[in-house]
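Student: Handing you this structure, nothing more for now.
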Amino acid sequence: MLSCKEVATRASALIDGELSTWQALQMRLHLAMCKGCEQFIGQMRTTRDLTEGLPTADTHDEADKDCINAILSQLHERKQ
Amino acid sequence: MSAARAKEAALVKLLAAGDRAAFEQVYNQHNTSLVRVATGIVRSRATAEEVAQETWIAVLKSISGFEGRSSLASWIFSILINKARSRAKREGRSVSFDGAGEDDNLAAAFDGRGRWKNMPELWETLTPERILAGRSVMEHVNAAIEALPPSQRSVIILRAQKGLDADEVCAILGISEGNMRVLLHRARLSVRTALDGLM
């Protein structure tokens with residue numbers, strides 16, 4: 001049976017669906033008997049969800065308008 | 001051509017024609033992430049902002065040569081990575097994205113038989129809006145990403161946050177798909193450890 005350390009190493013592969021059927025079954029067997037690993041996998045799933053699928057920190061304000069103006073004017077100068 | 005690719009092709013045409021609104025749209029979509037990826041490579045926010053600005057100038061100068069063989073985002077990030085690497089090289093540093101020498105932060109969590117020393121606990125519901133230690137969960141997530149080594153930071157931003165295809169991320173960073181998966185896993189472990197410390 002897999003150790004907790006081996007389960008932790010394969011956690012992302014499991015939640016991303018990258019394990020073979022046999023590997024996934026070995027993980028599920030361990031998780032059925034190990035509350036710590038089950039909770040760890042839950043934490044990794046939450047972490048994955050929080051780091052993807054959400055709006056990124058790409059925000060914009062007046063400073064960005066200034067940057068856009070600077071980029072466009074530099075481009076214009078270089079073309080001349 | 002897929003609807004997304006057709007939309008992107010139309011956007012590229014507008015950029016090539018010098019359409020300011022199209023440029024603002026692409027800039028607003030990617031600039032913060034460009035600066036965040038570059039900061040990991042050049043180690044200074046101010047220099048990273050310069051590198052991002054140089055990237056945008058290069059993008060607009062060469063947009064008519066963009067052939068759509070990759071996504072526009074992938075092409076823009078490739079230019080950024082090259083510029084940031086050149087800048088780091090000029091400062092006497094070489095930046096590699098293979099993650100060599102980096103370890104995951106879980107090694108000490110297990111005993112000699114590979115069992116948890118301290119069992120992970122169930123997290124209470126974590127939503128992006130939830131406030132922990134005076135900051136929203138997303139602020140903690142972003143701070144944890146900022147603290148990652150450049151390789152892990154680049155992979156998690158490009159693959160997880162910007163949603164680029166795995167093969168595009170590998171091509172941009174010059175790494176194998178296996179390597180990218182290891183880096184993404186290590187990045188998640190670090191973010192998970194940061195969040196666990198707040199619970």
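Each chain in the structure tokens gets a letter, A, B and so on, in the order shown; residues start at 1 in every chain, and ligands are counted from 1 in the order they appear.
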Define the interface residues of chain A facing chain B as those within 6 Å, counting only C-alpha atoms, and report them as a CSV table (one decimal) with C-alpha atoms, in the first residue's frame.
Tutor:
chain,number,residue,atom,x,y,z
A,3,SER,CA,2.6,5.6,2.1
A,4,CYS,CA,1.1,9.0,3.1
A,5,LYS,CA,4.3,10.6,1.6
A,12,SER,CA,-1.9,17.0,-8.0
A,36,GLY,CA,-5.1,12.7,7.1
A,39,GLN,CA,-8.1,15.9,4.3
A,40,PHE,CA,-4.8,16.7,2.6
A,47,THR,CA,-5.8,25.3,-3.3
A,52,GLU,CA,-7.3,28.9,-11.1
A,58,ASP,CA,-5.2,41.9,-13.5
Student: Can you tell me which residues surround Thr39 in chain B at a distance of at most 12 Å, considering only C-alpha atoms, apart from same-chain residues fewer than 3 positions away, and format the answer as JSON, numbers by chain?
Tutor: {"B": [32, 33, 34, 35, 36, 42, 43, 44, 45, 46, 47, 48, 49, 50, 51, 52, 80, 81, 83, 84, 85, 87, 88, 145, 146, 147, 148, 149, 150, 151, 153, 154]}
Student: Quote the spacing between CA of Val59 in chain B and CA of Glu91 in chain B in Å to one decimal place.
Tutor: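 Between CA of Val59 in chain B and CA of Glu91 in chain B the gap is 23.8 Å.
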Student: One number please: CA of Gly65 in chain B to CA of Phe77 in chain B, in Å, one decimal.
Tutor: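 One can read the CA of Gly65 in chain B to CA of Phe77 in chain B distance as 15.9 Å.
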Student: I need the residues of range 121-167 of chain B that end up classed as strand (DSSP E or B) by DSSP on the backbone, written out as a PyMOL selection string.
Tutor: chain B and resi 131-132+135-136
Student: Go ahead and save the picked residues with N, CA and C atoms, as a PDB file, in the first residue's frame.
Tutor:
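File part.pdb, as written:
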ATOM      1  N   ILE B 131     -12.291  36.474   4.760  1.00  0.00           N
ATOM      2  CA  ILE B 131     -11.193  37.273   5.313  1.00  0.00           C
ATOM      3  C   ILE B 131     -10.465  36.458   6.378  1.00  0.00           C
ATOM      4  N   LEU B 132      -9.142  36.360   6.217  1.00  0.00           N
ATOM      5  CA  LEU B 132      -8.307  35.667   7.200  1.00  0.00           C
ATOM      6  C   LEU B 132      -7.167  36.605   7.574  1.00  0.00           C
ATOM      7  N   ARG B 135      -6.990  39.918   5.699  1.00  0.00           N
ATOM      8  CA  ARG B 135      -6.901  40.008   4.233  1.00  0.00           C
ATOM      9  C   ARG B 135      -7.774  38.940   3.597  1.00  0.00           C
ATOM     10  N   SER B 136      -8.253  39.218   2.389  1.00  0.00           N
ATOM     11  CA  SER B 136      -9.076  38.221   1.721  1.00  0.00           C
ATOM     12  C   SER B 136      -8.206  37.007   1.374  1.00  0.00           C
TER      13      SER B 136
END
Student: Among range 24-182 of chain B, which residues carry a DSSP assignment of helix (DSSP H, G or I), reported as a PyMOL selection string?
Tutor: chain B and resi 24-42+45-65+72-90+107-109+137-146+150-161+166-173+177-182
Student: For those residues, write C-alpha atoms to a file as a compact mmCIF listing (two decimals), in the first residue's frame.
Tutor:
# COMPACT_ATOMS: atom_id res chain seq x y z
CA GLU B 24 -6.21 48.57 -23.93
CA GLN B 25 -8.20 45.35 -23.83
CA VAL B 26 -5.13 43.12 -24.29
CA TYR B 27 -3.04 45.26 -21.93
CA ASN B 28 -5.67 45.10 -19.18
CA GLN B 29 -6.02 41.37 -19.67
CA HIS B 30 -2.34 40.54 -19.27
CA ASN B 31 -0.18 43.36 -17.93
CA THR B 32 -0.42 42.52 -14.21
CA SER B 33 0.49 38.90 -14.92
CA LEU B 34 3.37 39.99 -17.17
CA VAL B 35 4.79 42.08 -14.33
CA ARG B 36 4.27 39.27 -11.81
CA VAL B 37 6.08 36.70 -13.98
CA ALA B 38 8.88 39.15 -14.80
CA THR B 39 9.36 40.12 -11.13
CA GLY B 40 10.27 36.51 -10.36
CA ILE B 41 13.00 36.64 -13.02
CA VAL B 42 14.48 40.13 -12.66
CA ARG B 45 9.23 45.24 -9.41
CA ALA B 46 10.48 48.44 -11.09
CA THR B 47 12.66 46.51 -13.55
CA ALA B 48 9.79 44.06 -14.18
CA GLU B 49 7.51 46.97 -15.08
CA GLU B 50 10.15 48.20 -17.56
CA VAL B 51 10.44 44.71 -19.04
CA ALA B 52 6.64 44.51 -19.40
CA GLN B 53 6.62 47.91 -21.13
CA GLU B 54 9.39 46.80 -23.52
CA THR B 55 7.35 43.65 -24.18
CA TRP B 56 4.27 45.66 -25.17
CA ILE B 57 6.32 47.81 -27.53
CA ALA B 58 7.77 44.65 -29.12
CA VAL B 59 4.27 43.14 -29.37
CA LEU B 60 2.85 46.17 -31.16
CA LYS B 61 5.88 46.49 -33.45
CA SER B 62 5.72 42.88 -34.58
CA ILE B 63 2.00 42.10 -34.34
CA SER B 64 1.62 42.06 -38.12
CA GLY B 65 4.04 39.10 -38.14
CA LEU B 72 -1.80 35.52 -28.61
CA ALA B 73 -1.25 35.23 -24.83
CA SER B 74 1.37 32.55 -25.33
CA TRP B 75 3.18 34.71 -27.90
CA ILE B 76 3.13 37.76 -25.60
CA PHE B 77 4.48 35.77 -22.62
CA SER B 78 7.23 34.25 -24.81
CA ILE B 79 8.41 37.75 -25.66
CA LEU B 80 8.29 38.75 -21.99
CA ILE B 81 10.27 35.70 -20.83
CA ASN B 82 12.98 36.37 -23.45
CA LYS B 83 13.25 40.02 -22.46
CA ALA B 84 13.29 39.25 -18.72
CA ARG B 85 15.93 36.56 -19.20
CA SER B 86 18.10 38.95 -21.25
CA ARG B 87 17.76 41.59 -18.54
CA ALA B 88 18.74 39.07 -15.82
CA LYS B 89 21.70 37.97 -17.97
CA ARG B 90 22.88 41.57 -18.33
CA ALA B 107 9.65 16.56 3.24
CA ALA B 108 9.66 17.36 6.96
CA ALA B 109 5.96 16.55 7.34
CA VAL B 137 -8.14 34.64 0.89
CA MET B 138 -7.20 35.73 -2.65
CA GLU B 139 -4.74 38.28 -1.28
CA HIS B 140 -3.06 35.51 0.71
CA VAL B 141 -3.03 33.25 -2.37
CA ASN B 142 -1.43 35.98 -4.49
CA ALA B 143 1.13 36.77 -1.76
CA ALA B 144 2.05 33.06 -1.58
CA ILE B 145 2.49 33.00 -5.37
CA GLU B 146 4.72 36.10 -5.22
CA PRO B 150 10.61 31.96 -10.64
CA SER B 151 10.00 28.54 -12.21
CA GLN B 152 7.05 27.66 -9.97
CA ARG B 153 5.66 31.18 -10.10
CA SER B 154 5.79 31.23 -13.92
CA VAL B 155 4.10 27.83 -14.22
CA ILE B 156 1.26 28.58 -11.81
CA ILE B 157 0.54 31.98 -13.39
CA LEU B 158 0.73 30.77 -17.01
CA ARG B 159 -0.94 27.39 -16.58
CA ALA B 160 -3.38 27.86 -13.71
CA GLN B 161 -4.21 31.56 -13.74
CA ALA B 166 0.37 22.70 -21.16
CA ASP B 167 2.38 22.50 -24.40
CA GLU B 168 2.39 26.30 -24.71
CA VAL B 169 3.70 26.71 -21.14
CA CYS B 170 6.41 24.09 -21.80
CA ALA B 171 7.45 25.84 -25.02
CA ILE B 172 7.56 29.29 -23.39
CA LEU B 173 9.68 28.08 -20.46
CA GLU B 177 5.61 18.39 -19.54
CA GLY B 178 6.69 16.15 -16.64
CA ASN B 179 8.82 18.97 -15.30
CA MET B 180 5.92 21.40 -15.61
CA ARG B 181 3.64 19.08 -13.61
CA VAL B 182 6.23 18.78 -10.83
